[in-house]
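Structure record follows, encoded as structure tokens.
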Amino acid sequence: MGIHLDSPKRRKIDLAGQWAYTLDEETWHAIKIPGSIDYEGRIVFQRKISIDDTLLSNFAFKFVGLGINNDAEVYVNDVFVGKHTGGYTAVELDIPENVLQLGSENVIKIVATNQLSARSTLPVRKQIWGWKNYAGILRDVYLLATPKLWIEAITVGAKLGEGFQQGTFHVEAIVSNRDFEPLSRDSAQGKSTAVSFLFHLEVQEKLSEAVVAQSVPMPLNLQANHDLEVQSSVVISAPRLWSPEAPEMYLLRAVITMIDGKQRAVIDQVARNTGLRQVHITTNSIVVNGTRRVLKGVVWHEDSPSFGGSLTYEQMEKDIALIKTLVANAVRFAFHPPHAYLLNLCARYGLFALVEVPVWNVAADVLSGETFQTLAENTLREMVQKFQANPALIAWGIGSDFDSADPRAMLYVNRMTKVAKSLDSRPVYFGSRMIENDLCTDAVDFAAVSLPKQELKEFKQTLQEWEKKHPDKPVLVLGYGKEVEHENRNGWSDPMSQEHQARFFLQYYGALKEAGIAGSFISSFADWRGDRPILTVNSSDPYLHPVGLMSSAREKRLSFEMVKGLYNEEKTTAIPVGQHRSSFPVAHVVSGLFVMILGGYQYAYNRRFGESVRRAFLRSYNFYADLRDMRAASVVHTVTLGALISVTFAVMISSILYHYRADTLFDYTLTYFVVSDAIKEQLIFATWNPFSGIIGGTVVFFVLFWVLAAFVKLCSLLVKAKVRWFHAYSVPVWGALPIIFLSPVAMSLFKVMENPLYVIPSLVLIAVFLLWAVLRVFTGISVIFDISPAKSYAGGILVCVILAGALYLYYDSAFAIGSYVKFAVNVARSLG
């Protein structure tokens, strides 16, 4: 399992089990490792281990971690061993001689930090529909004890000859030694080594365990405490080819043998599970072992409600077995490299695999940075070197959904493609979301695309456009799917029902099959959790992405059996229609009517209130002058008006949110600006629960008037005029009076905006009224401050510019908002 198969010449000291961890280095808690922690920050892990004398005397040691998120510093007995960046690739660190001690007091300490930034980490701080940034030691961790003469690193390349009559495994290895007694002895005596060393390869069939090929042993010219690079090849006649239908595997061993006189002894051996198959790219097809293959796949995410990002071996195998029962032939491991055991399972069960570096949803400004590219290159190298022996892997992914419409993205794509090709011959791809304005797909091997959520007709048109743009490349759809409410069984007429999701795959898979593309991946196998709450689904858990064929708890949905039938080309059963009626947001209408009735009543039957409203509109300068002299509106009238305007604002915002509640692009944009998850959670709740949202919004805007009043009062210290709190509060309230006349618009806005022709005019109308209100506030300030209107306007505009500039600088430095606004604009252009 994992990256180091068991060897009779090596030992593993498993570090799984109970550890202690601390967040403040004062209070310690127990935790089971591997494990995922829902936390962002720095964590210190620690445990004690025992080393016996036999191991300590005869072996060299290294620390191995298959996934520690994201930056890890490793200490052994308070000696710094090394550091690794990257939570989803393995770390291997040599432990210096004499650091480990005899007995049970050896202390392993790991300092892990998973804080992400918008620019300087890989991955970057994630947006919606990403994955959960779990903290901790997510995957296996152990000490690897090797002989003091050992095979340090090994890369395996496989190649099939013409007609598949021969197969060749080519191995590049590094042989290391540390105080290996025969070498050290001869070196000290100043003579050429009295013993000789040979390196050879042998290949064994995985099932029968029969040795089918051996290489010619090659002598090793070793020097004490120096590394040696070795290359060797082994040829297999009439090889068994790996395919999804017949996943034939070989066990490749690299062996070091020592010859001392007539005695021969195996010093070290390393094994890799591997196989032989040929992947060839034609004009628009993927050809495996001479046969055109259409990838019928699913997207898999490393997440579960029970284990977080630290799935057990049993759960991983259950998932792969379920994918195989779908009659799928491919798995796309989304977002980042998976646990090595998952790729071993794909090879064993017969599933093509696509793996990717964690470059997802990245703006071009970030993507083109040297620091970011260096991190991505290091991750890509580690991923390729660890996984390239696996025959299930058919392509390397260099990212997905980044800003490929910006010319600077080509710098990244060209560099990563060159690196991948220098390490391995497999195809390279990335997933583009820029349908209309992509600039980078021609630089890779697959025309892979992430299609937006669209109606079926638009989906077909978009797919056709993408195919026309890339006629010479195999087209892959890297993800398509539909949100679902797990308990909803109301028939396909309900857009959030299980039946609707099943019907979605029936229709959209049919469109993909008709298009004749090279493959597609259903998103996703199971629901998963992310870092940012999503607006587009009305769920009790806004961090859950409910688009799977199964729930996060691996409960099958109707779509599972539907996809199984489609992939197996079986006839599908009829899906019940049901009787669904769209809900009507009564809250907006009721609230709008409340403002109109109460405001109209006050205007008609309260003479002083009505007169104040008329004068505030028609003779605003005189009104503010009377207000300053305490001859205008009363406190009760002003507070009442403030409440009515607050309700109008709340209804207007609620209507806009309700209109865009299912719009993914709006959700992305909202997440860029609302960086606080807690605030966005409240906005999501308010969107899907309009009554509560309007009440909450009313309170927020009512308080905001008092905040504005405090700001006006603070600014009054700069002038000679005496400004009371009532003045400071009345100016923004009566200045915002025009907003109340938007109440008929606000209560019907959700309905009006259903017609695309009215969306922009509606938003422009609201913007005009807001500008009008702001100018009225500036006029009121000029009166109560007893300054000229020009000074008031200039000062008000200056304050707004300073506040906006400061807010932008903060957002840009902390969240790269400028870069991601450009990214969002390119996405919007791509969607037309």
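Chain identifiers are assigned as A, B, and so on, following the order in which chains appear in the structure tokens; residues are numbered from 1 within each chain, and ligands are numbered from 1 in order of appearance.
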
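Neighbours of Lys468 (chain A) closer than or equal to 12 Å, with only C-alpha atoms counted and sequence neighbours fewer than 6 positions away skipped, come out as A:Asn284, A:Ile435, A:Glu436, A:Ala447, A:Gln461, A:Thr462, A:Pro474, A:Val475, A:Ala515, A:Ile517.
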
Those in region 317-373 of chain A with strand (DSSP E) from DSSP, as a list of chain:residue names: A:Ala330, A:Val331, A:Arg332, A:Phe333, A:Phe352, A:Ala353, A:Leu354, A:Val355, A:Glu356

Find the residues around Leu644 (chain A) up to 12 Å (only C-alpha atoms counted), leave out those fewer than 4 positions away in its own chain, and share them as a PyMOL selection string. chain A and resi 591-600+602+637-640+648-651+694-695+697-699+701-702+733-734+736-743

Using N, CA, C and O atoms, can you export the residues from the last selection as a compact mmCIF listing (two decimals), in the first residue's frame?
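Output below, filename selection-v1.txt:
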```txt
# COMPACT_ATOMS: atom_id res chain seq x y z
N SER A 591 -43.99 42.72 2.71
CA SER A 591 -43.15 43.79 3.26
C SER A 591 -43.29 45.08 2.45
O SER A 591 -43.34 46.18 3.02
N GLY A 592 -43.34 44.95 1.11
CA GLY A 592 -43.53 46.13 0.29
C GLY A 592 -44.87 46.80 0.54
O GLY A 592 -44.95 48.04 0.63
N LEU A 593 -45.91 45.98 0.68
CA LEU A 593 -47.23 46.54 0.98
C LEU A 593 -47.25 47.21 2.35
O LEU A 593 -47.90 48.25 2.54
N PHE A 594 -46.53 46.62 3.30
CA PHE A 594 -46.45 47.22 4.63
C PHE A 594 -45.88 48.63 4.55
O PHE A 594 -46.40 49.57 5.17
N VAL A 595 -44.78 48.80 3.79
CA VAL A 595 -44.18 50.13 3.66
C VAL A 595 -45.14 51.08 2.97
O VAL A 595 -45.31 52.24 3.40
N MET A 596 -45.77 50.60 1.91
CA MET A 596 -46.67 51.48 1.16
C MET A 596 -47.88 51.89 1.98
O MET A 596 -48.28 53.06 1.98
N ILE A 597 -48.45 50.93 2.71
CA ILE A 597 -49.66 51.24 3.50
C ILE A 597 -49.32 52.15 4.67
O ILE A 597 -49.99 53.19 4.90
N LEU A 598 -48.28 51.77 5.44
CA LEU A 598 -47.93 52.58 6.61
C LEU A 598 -47.43 53.95 6.18
O LEU A 598 -47.82 54.98 6.76
N GLY A 599 -46.57 54.00 5.15
CA GLY A 599 -46.08 55.29 4.68
C GLY A 599 -47.20 56.13 4.11
O GLY A 599 -47.27 57.35 4.37
N GLY A 600 -48.11 55.51 3.34
CA GLY A 600 -49.23 56.25 2.78
C GLY A 600 -50.16 56.77 3.86
O GLY A 600 -50.68 57.90 3.77
N GLN A 602 -49.37 57.50 7.02
CA GLN A 602 -48.71 58.62 7.70
C GLN A 602 -48.78 59.89 6.84
O GLN A 602 -49.00 60.99 7.36
N HIS A 637 -41.27 61.06 13.80
CA HIS A 637 -41.43 60.98 12.35
C HIS A 637 -40.12 60.54 11.67
O HIS A 637 -40.14 59.75 10.72
N THR A 638 -39.02 61.06 12.17
CA THR A 638 -37.73 60.72 11.57
C THR A 638 -37.39 59.25 11.79
O THR A 638 -36.93 58.56 10.86
N VAL A 639 -37.61 58.77 13.00
CA VAL A 639 -37.33 57.36 13.29
C VAL A 639 -38.25 56.45 12.48
O VAL A 639 -37.84 55.42 11.95
N THR A 640 -39.54 56.86 12.36
CA THR A 640 -40.49 56.09 11.57
C THR A 640 -40.04 56.02 10.11
O THR A 640 -40.05 54.94 9.48
N THR A 648 -37.50 49.06 3.10
CA THR A 648 -37.41 49.12 1.63
C THR A 648 -36.05 48.63 1.15
O THR A 648 -35.96 47.85 0.19
N PHE A 649 -35.00 49.09 1.80
CA PHE A 649 -33.66 48.60 1.46
C PHE A 649 -33.59 47.09 1.60
O PHE A 649 -33.05 46.38 0.74
N ALA A 650 -34.11 46.57 2.72
CA ALA A 650 -34.04 45.14 2.98
C ALA A 650 -34.80 44.34 1.93
O ALA A 650 -34.33 43.30 1.46
N VAL A 651 -36.00 44.81 1.56
CA VAL A 651 -36.79 44.12 0.53
C VAL A 651 -36.07 44.15 -0.81
O VAL A 651 -36.04 43.16 -1.56
N ILE A 694 -35.54 39.70 5.48
CA ILE A 694 -36.01 41.09 5.45
C ILE A 694 -36.00 41.69 6.86
O ILE A 694 -35.61 42.85 7.04
N ILE A 695 -36.39 40.91 7.83
CA ILE A 695 -36.33 41.40 9.22
C ILE A 695 -34.89 41.71 9.60
O ILE A 695 -34.58 42.78 10.15
N GLY A 697 -32.35 42.26 7.58
CA GLY A 697 -31.85 43.37 6.77
C GLY A 697 -32.36 44.71 7.27
O GLY A 697 -31.64 45.70 7.26
N THR A 698 -33.61 44.74 7.71
CA THR A 698 -34.17 45.98 8.26
C THR A 698 -33.39 46.44 9.47
O THR A 698 -33.05 47.62 9.61
N VAL A 699 -33.06 45.50 10.35
CA VAL A 699 -32.28 45.84 11.54
C VAL A 699 -30.90 46.37 11.14
O VAL A 699 -30.42 47.38 11.68
N PHE A 701 -29.93 47.83 8.29
CA PHE A 701 -29.98 49.16 7.68
C PHE A 701 -30.41 50.22 8.70
O PHE A 701 -29.94 51.37 8.63
N PHE A 702 -31.25 49.84 9.65
CA PHE A 702 -31.65 50.79 10.70
C PHE A 702 -30.44 51.17 11.54
O PHE A 702 -30.23 52.35 11.86
N VAL A 733 -31.30 60.07 7.08
CA VAL A 733 -32.64 59.50 6.96
C VAL A 733 -33.45 60.27 5.93
O VAL A 733 -34.00 59.69 4.97
N TRP A 734 -33.55 61.60 6.10
CA TRP A 734 -34.36 62.37 5.18
C TRP A 734 -33.67 62.51 3.81
O TRP A 734 -34.33 62.69 2.79
N ALA A 736 -32.27 60.02 2.40
CA ALA A 736 -32.60 58.76 1.73
C ALA A 736 -34.09 58.64 1.43
O ALA A 736 -34.54 57.56 1.01
N LEU A 737 -34.85 59.72 1.62
CA LEU A 737 -36.29 59.68 1.40
C LEU A 737 -36.71 59.13 0.04
O LEU A 737 -37.68 58.36 -0.05
N PRO A 738 -36.00 59.42 -1.07
CA PRO A 738 -36.43 58.88 -2.37
C PRO A 738 -36.47 57.35 -2.40
O PRO A 738 -37.22 56.77 -3.21
N ILE A 739 -35.68 56.71 -1.55
CA ILE A 739 -35.63 55.24 -1.55
C ILE A 739 -36.99 54.65 -1.24
O ILE A 739 -37.36 53.58 -1.76
N ILE A 740 -37.77 55.34 -0.41
CA ILE A 740 -39.06 54.78 -0.01
C ILE A 740 -40.01 54.64 -1.20
O ILE A 740 -40.90 53.79 -1.21
N PHE A 741 -39.78 55.45 -2.23
CA PHE A 741 -40.63 55.37 -3.41
C PHE A 741 -40.24 54.20 -4.32
O PHE A 741 -40.88 53.96 -5.34
N LEU A 742 -39.17 53.51 -3.94
CA LEU A 742 -38.80 52.29 -4.65
C LEU A 742 -39.50 51.05 -4.09
O LEU A 742 -39.30 49.95 -4.60
N SER A 743 -40.31 51.24 -3.05
CA SER A 743 -40.95 50.07 -2.43
C SER A 743 -41.82 49.27 -3.41
O SER A 743 -41.79 48.02 -3.36
```

Have a look at CA of Asn622 (chain A) and CA of Ala710 (chain A) and let me know their distance in Å, one decimal. 23.5 Å

Please identify the alpha helix (DSSP H) residues within region 207-368 of chain A (assignment by DSSP from backbone atoms) and present them as a PyMOL selection string. chain A and resi 313-325+340-349+364-367

Might you pull out every residue within 6 Å of Phe197 (chain A), with only C-alpha atoms counted and same-chain residues fewer than 6 positions away left off, and present them as a PyMOL selection string? chain A and resi 219-220+257-258

Can you write just those residues out, all heavy atoms, as a PDB file, in the first residue's frame?
```
ATOM      1  N   PRO A 219      27.479  -4.243 -12.706  1.00  0.00           N
ATOM      2  CA  PRO A 219      28.310  -3.941 -11.544  1.00  0.00           C
ATOM      3  C   PRO A 219      28.132  -2.488 -11.110  1.00  0.00           C
ATOM      4  O   PRO A 219      27.886  -1.599 -11.937  1.00  0.00           O
ATOM      5  CB  PRO A 219      29.731  -4.204 -12.042  1.00  0.00           C
ATOM      6  CG  PRO A 219      29.651  -4.041 -13.518  1.00  0.00           C
ATOM      7  CD  PRO A 219      28.277  -4.484 -13.929  1.00  0.00           C
ATOM      8  N   LEU A 220      28.245  -2.263  -9.821  1.00  0.00           N
ATOM      9  CA  LEU A 220      28.131  -0.931  -9.256  1.00  0.00           C
ATOM     10  C   LEU A 220      29.494  -0.483  -8.756  1.00  0.00           C
ATOM     11  O   LEU A 220      30.146  -1.186  -7.961  1.00  0.00           O
ATOM     12  CB  LEU A 220      27.128  -0.922  -8.097  1.00  0.00           C
ATOM     13  CG  LEU A 220      25.683  -1.312  -8.423  1.00  0.00           C
ATOM     14  CD1 LEU A 220      24.843  -1.320  -7.148  1.00  0.00           C
ATOM     15  CD2 LEU A 220      25.089  -0.362  -9.446  1.00  0.00           C
ATOM     16  N   THR A 257      22.793  -6.743  -5.017  1.00  0.00           N
ATOM     17  CA  THR A 257      23.398  -7.960  -4.485  1.00  0.00           C
ATOM     18  C   THR A 257      24.868  -7.702  -4.184  1.00  0.00           C
ATOM     19  O   THR A 257      25.570  -7.058  -4.980  1.00  0.00           O
ATOM     20  CB  THR A 257      23.282  -9.113  -5.501  1.00  0.00           C
ATOM     21  OG1 THR A 257      21.907  -9.286  -5.851  1.00  0.00           O
ATOM     22  CG2 THR A 257      23.809 -10.409  -4.908  1.00  0.00           C
ATOM     23  N   MET A 258      25.316  -8.195  -3.044  1.00  0.00           N
ATOM     24  CA  MET A 258      26.730  -8.080  -2.675  1.00  0.00           C
ATOM     25  C   MET A 258      27.395  -9.433  -2.846  1.00  0.00           C
ATOM     26  O   MET A 258      26.857 -10.458  -2.403  1.00  0.00           O
ATOM     27  CB  MET A 258      26.872  -7.606  -1.226  1.00  0.00           C
ATOM     28  CG  MET A 258      28.334  -7.417  -0.794  1.00  0.00           C
ATOM     29  SD  MET A 258      28.498  -6.779   0.898  1.00  0.00           S
ATOM     30  CE  MET A 258      27.972  -8.201   1.856  1.00  0.00           C
TER      31      MET A 258
END
```

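Residues with any atom within 6 Å of region 530-543 of chain A, counting only C-alpha atoms and excluding same-chain neighbours fewer than 6 positions away, are Gln127, Ile128, Gly130, Trp131, Lys132, Arg661, Ala662 and Ile684 of chain A.
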
Kindly save the residues from that selection, with all heavy atoms included, as a CSV table (one decimal), in the first residue's frame.
```
chain,number,residue,atom,x,y,z
A,127,GLN,N,-12.1,29.4,-3.2
A,127,GLN,CA,-13.4,30.0,-3.4
A,127,GLN,C,-14.5,28.9,-3.3
A,127,GLN,O,-14.2,27.7,-3.0
A,127,GLN,CB,-13.5,30.8,-4.7
A,127,GLN,CG,-12.5,31.9,-4.8
A,127,GLN,CD,-12.7,33.0,-3.7
A,127,GLN,OE1,-13.8,33.2,-3.3
A,127,GLN,NE2,-11.6,33.6,-3.3
A,128,ILE,N,-15.7,29.2,-3.7
A,128,ILE,CA,-16.8,28.2,-3.6
A,128,ILE,C,-16.6,27.1,-4.6
A,128,ILE,O,-15.9,27.2,-5.6
A,128,ILE,CB,-18.2,28.9,-3.9
A,128,ILE,CG1,-18.2,29.6,-5.2
A,128,ILE,CG2,-18.5,29.8,-2.8
A,128,ILE,CD1,-19.5,30.1,-5.7
A,130,GLY,N,-14.8,24.6,-4.1
A,130,GLY,CA,-13.5,24.0,-3.9
A,130,GLY,C,-13.6,22.9,-2.9
A,130,GLY,O,-14.7,22.3,-2.6
A,131,TRP,N,-12.4,22.5,-2.4
A,131,TRP,CA,-12.4,21.4,-1.4
A,131,TRP,C,-12.1,21.9,0.0
A,131,TRP,O,-11.7,23.1,0.2
A,131,TRP,CB,-11.4,20.3,-1.8
A,131,TRP,CG,-9.9,20.7,-1.8
A,131,TRP,CD1,-9.0,20.4,-0.8
A,131,TRP,CD2,-9.2,21.5,-2.8
A,131,TRP,NE1,-7.8,20.9,-1.2
A,131,TRP,CE2,-7.9,21.6,-2.4
A,131,TRP,CE3,-9.6,22.1,-4.0
A,131,TRP,CZ2,-6.9,22.3,-3.1
A,131,TRP,CZ3,-8.6,22.8,-4.7
A,131,TRP,CH2,-7.3,22.9,-4.3
A,132,LYS,N,-12.2,21.1,1.0
A,132,LYS,CA,-12.0,21.5,2.4
A,132,LYS,C,-10.5,21.5,2.7
A,132,LYS,O,-9.9,20.5,2.5
A,132,LYS,CB,-12.8,20.5,3.3
A,132,LYS,CG,-12.7,20.9,4.8
A,132,LYS,CD,-13.6,22.1,5.0
A,132,LYS,CE,-13.6,22.5,6.5
A,132,LYS,NZ,-14.2,23.8,6.7
A,661,ARG,N,-30.3,33.7,-6.7
A,661,ARG,CA,-29.9,32.6,-5.8
A,661,ARG,C,-29.4,31.4,-6.4
A,661,ARG,O,-28.7,30.6,-5.8
A,661,ARG,CB,-31.2,32.3,-5.0
A,661,ARG,CG,-32.3,31.6,-5.8
A,661,ARG,CD,-33.6,31.6,-5.0
A,661,ARG,NE,-34.7,30.8,-5.7
A,661,ARG,CZ,-35.4,31.3,-6.7
A,661,ARG,NH1,-35.1,32.5,-7.1
A,661,ARG,NH2,-36.3,30.6,-7.3
A,662,ALA,N,-29.7,31.1,-7.7
A,662,ALA,CA,-29.2,29.9,-8.4
A,662,ALA,C,-28.1,30.2,-9.4
A,662,ALA,O,-27.8,29.3,-10.2
A,662,ALA,CB,-30.4,29.2,-9.0
A,684,ILE,N,-26.8,33.8,2.9
A,684,ILE,CA,-27.5,32.6,2.3
A,684,ILE,C,-28.8,32.3,3.0
A,684,ILE,O,-29.8,32.0,2.4
A,684,ILE,CB,-26.5,31.4,2.4
A,684,ILE,CG1,-25.3,31.7,1.5
A,684,ILE,CG2,-27.2,30.1,2.0
A,684,ILE,CD1,-24.2,30.7,1.7
```

Nearest to Asp494 (chain A), restricted to only C-alpha atoms and choosing among A:His580, A:Arg10, A:Lys469, A:Arg619, comes out as A:His580

What lies within 12 Å of Leu456 (chain A) using only C-alpha atoms, ignoring chain neighbours under 6 positions off, as a PyMOL selection string? chain A and resi 462-463+480+503-512

Closest of A:Val362, A:Ala526, A:Ala448, A:Ile323 to Phe823 (chain A), counting only C-alpha atoms, is A:Val362

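Between Trp242 (chain A) and the residues A:Arg272, A:Lys32, A:Arg615, A:Arg277, the shortest atom-to-atom distance, using only C-alpha atoms, involves A:Arg277.
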
Output as a Markdown table one row per residue of region 111-164 of chain A within 12 Å of region 294-313 of chain A: the closest atom pair and its distance in Å to one decimal place, counting only C-alpha atoms, sorted by chain and residue number ascending.
```
| residue | atom | partner | partner_atom | distance |
| --- | --- | --- | --- | --- |
| A:Trp129 | CA | A:His301 | CA | 11.5 |
| A:Gly130 | CA | A:His301 | CA | 10.0 |
| A:Trp131 | CA | A:His301 | CA | 8.0 |
| A:Lys132 | CA | A:Gly309 | CA | 7.9 |
| A:Asn133 | CA | A:Gly309 | CA | 8.7 |
| A:Tyr134 | CA | A:Gly309 | CA | 6.7 |
| A:Ala135 | CA | A:Gly309 | CA | 9.2 |
| A:Gly136 | CA | A:Ser310 | CA | 9.7 |
| A:Ile137 | CA | A:Ser310 | CA | 8.5 |
| A:Leu138 | CA | A:Ser310 | CA | 5.1 |
| A:Arg139 | CA | A:Ser310 | CA | 5.9 |
| A:Asp140 | CA | A:Ser310 | CA | 9.0 |
| A:Val141 | CA | A:Ser310 | CA | 12.0 |
```

Now that the selection is made, can you save its residues with all heavy atoms as an mmCIF file, in the first residue's frame?
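What landed in part_6.cif:
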```cif
data_model
loop_
_atom_site.group_PDB
_atom_site.id
_atom_site.type_symbol
_atom_site.label_atom_id
_atom_site.label_comp_id
_atom_site.auth_asym_id
_atom_site.auth_seq_id
_atom_site.Cartn_x
_atom_site.Cartn_y
_atom_site.Cartn_z
ATOM 1 N N TRP A 129 -17.148 25.949 -4.229
ATOM 2 C CA TRP A 129 -17.071 24.714 -5.009
ATOM 3 C C TRP A 129 -15.652 24.142 -5.044
ATOM 4 O O TRP A 129 -15.340 23.302 -5.867
ATOM 5 C CB TRP A 129 -17.623 24.891 -6.429
ATOM 6 C CG TRP A 129 -19.090 25.153 -6.435
ATOM 7 C CD1 TRP A 129 -19.705 26.358 -6.588
ATOM 8 C CD2 TRP A 129 -20.135 24.201 -6.226
ATOM 9 N NE1 TRP A 129 -21.070 26.217 -6.501
ATOM 10 C CE2 TRP A 129 -21.359 24.899 -6.285
ATOM 11 C CE3 TRP A 129 -20.161 22.814 -6.004
ATOM 12 C CZ2 TRP A 129 -22.600 24.276 -6.131
ATOM 13 C CZ3 TRP A 129 -21.390 22.195 -5.856
ATOM 14 C CH2 TRP A 129 -22.597 22.923 -5.922
ATOM 15 N N GLY A 130 -14.819 24.588 -4.118
ATOM 16 C CA GLY A 130 -13.513 23.962 -3.945
ATOM 17 C C GLY A 130 -13.592 22.857 -2.910
ATOM 18 O O GLY A 130 -14.664 22.346 -2.588
ATOM 19 N N TRP A 131 -12.444 22.489 -2.367
ATOM 20 C CA TRP A 131 -12.408 21.400 -1.397
ATOM 21 C C TRP A 131 -12.082 21.936 -0.010
ATOM 22 O O TRP A 131 -11.693 23.084 0.161
ATOM 23 C CB TRP A 131 -11.394 20.343 -1.822
ATOM 24 C CG TRP A 131 -9.950 20.735 -1.800
ATOM 25 C CD1 TRP A 131 -9.030 20.424 -0.840
ATOM 26 C CD2 TRP A 131 -9.245 21.506 -2.781
ATOM 27 N NE1 TRP A 131 -7.802 20.945 -1.163
ATOM 28 C CE2 TRP A 131 -7.904 21.605 -2.351
ATOM 29 C CE3 TRP A 131 -9.611 22.109 -3.984
ATOM 30 C CZ2 TRP A 131 -6.934 22.299 -3.074
ATOM 31 C CZ3 TRP A 131 -8.646 22.799 -4.710
ATOM 32 C CH2 TRP A 131 -7.336 22.888 -4.262
ATOM 33 N N LYS A 132 -12.228 21.102 0.977
ATOM 34 C CA LYS A 132 -12.026 21.485 2.361
ATOM 35 C C LYS A 132 -10.539 21.471 2.698
ATOM 36 O O LYS A 132 -9.854 20.475 2.480
ATOM 37 C CB LYS A 132 -12.777 20.526 3.280
ATOM 38 C CG LYS A 132 -12.737 20.915 4.762
ATOM 39 C CD LYS A 132 -13.559 22.148 5.011
ATOM 40 C CE LYS A 132 -13.559 22.531 6.480
ATOM 41 N NZ LYS A 132 -14.224 23.826 6.713
ATOM 42 N N ASN A 133 -10.055 22.567 3.239
ATOM 43 C CA ASN A 133 -8.653 22.701 3.619
ATOM 44 C C ASN A 133 -8.455 22.146 5.037
ATOM 45 O O ASN A 133 -8.241 22.884 5.989
ATOM 46 C CB ASN A 133 -8.228 24.169 3.531
ATOM 47 C CG ASN A 133 -6.784 24.389 3.934
ATOM 48 O OD1 ASN A 133 -5.928 23.552 3.697
ATOM 49 N ND2 ASN A 133 -6.522 25.525 4.563
ATOM 50 N N TYR A 134 -8.528 20.831 5.153
ATOM 51 C CA TYR A 134 -8.361 20.219 6.466
ATOM 52 C C TYR A 134 -6.934 20.426 6.973
ATOM 53 O O TYR A 134 -5.977 20.438 6.196
ATOM 54 C CB TYR A 134 -8.654 18.720 6.401
ATOM 55 C CG TYR A 134 -10.100 18.376 6.169
ATOM 56 C CD1 TYR A 134 -10.522 17.862 4.946
ATOM 57 C CD2 TYR A 134 -11.046 18.557 7.172
ATOM 58 C CE1 TYR A 134 -11.851 17.528 4.728
ATOM 59 C CE2 TYR A 134 -12.377 18.232 6.957
ATOM 60 C CZ TYR A 134 -12.777 17.714 5.740
ATOM 61 O OH TYR A 134 -14.095 17.394 5.530
ATOM 62 N N ALA A 135 -6.808 20.526 8.276
ATOM 63 C CA ALA A 135 -5.492 20.643 8.900
ATOM 64 C C ALA A 135 -5.048 19.289 9.424
ATOM 65 O O ALA A 135 -5.859 18.417 9.719
ATOM 66 C CB ALA A 135 -5.549 21.653 10.047
ATOM 67 N N GLY A 136 -3.722 19.137 9.514
ATOM 68 C CA GLY A 136 -3.203 17.972 10.210
ATOM 69 C C GLY A 136 -2.420 17.009 9.349
ATOM 70 O O GLY A 136 -2.047 17.288 8.208
ATOM 71 N N ILE A 137 -2.167 15.840 9.927
ATOM 72 C CA ILE A 137 -1.475 14.740 9.259
ATOM 73 C C ILE A 137 -2.561 13.892 8.621
ATOM 74 O O ILE A 137 -3.169 13.027 9.250
ATOM 75 C CB ILE A 137 -0.642 13.928 10.277
ATOM 76 C CG1 ILE A 137 0.347 14.860 11.001
ATOM 77 C CG2 ILE A 137 0.116 12.810 9.582
ATOM 78 C CD1 ILE A 137 1.065 14.216 12.164
ATOM 79 N N LEU A 138 -2.855 14.166 7.365
ATOM 80 C CA LEU A 138 -4.039 13.622 6.710
ATOM 81 C C LEU A 138 -3.875 12.164 6.295
ATOM 82 O O LEU A 138 -4.866 11.437 6.200
ATOM 83 C CB LEU A 138 -4.381 14.455 5.471
ATOM 84 C CG LEU A 138 -4.523 15.978 5.659
ATOM 85 C CD1 LEU A 138 -4.947 16.622 4.348
ATOM 86 C CD2 LEU A 138 -5.500 16.308 6.763
ATOM 87 N N ARG A 139 -2.647 11.760 5.999
ATOM 88 C CA ARG A 139 -2.419 10.425 5.440
ATOM 89 C C ARG A 139 -1.344 9.693 6.248
ATOM 90 O O ARG A 139 -0.826 10.217 7.233
ATOM 91 C CB ARG A 139 -2.031 10.532 3.967
ATOM 92 C CG ARG A 139 -3.100 11.198 3.097
ATOM 93 C CD ARG A 139 -2.592 11.423 1.684
ATOM 94 N NE ARG A 139 -3.577 12.109 0.846
ATOM 95 C CZ ARG A 139 -3.313 12.623 -0.346
ATOM 96 N NH1 ARG A 139 -2.085 12.526 -0.857
ATOM 97 N NH2 ARG A 139 -4.263 13.226 -1.049
ATOM 98 N N ASP A 140 -0.985 8.507 5.780
ATOM 99 C CA ASP A 140 -0.044 7.647 6.492
ATOM 100 C C ASP A 140 1.257 8.374 6.808
ATOM 101 O O ASP A 140 1.745 9.188 6.015
ATOM 102 C CB ASP A 140 0.311 6.416 5.655
ATOM 103 C CG ASP A 140 -0.911 5.670 5.161
ATOM 104 O OD1 ASP A 140 -1.802 6.318 4.587
ATOM 105 O OD2 ASP A 140 -0.975 4.454 5.339
ATOM 106 N N VAL A 141 1.827 8.033 7.942
ATOM 107 C CA VAL A 141 3.115 8.569 8.329
ATOM 108 C C VAL A 141 3.889 7.434 9.008
ATOM 109 O O VAL A 141 3.343 6.676 9.806
ATOM 110 C CB VAL A 141 2.945 9.804 9.246
ATOM 111 C CG1 VAL A 141 2.173 9.470 10.510
ATOM 112 C CG2 VAL A 141 4.275 10.433 9.580
#
```
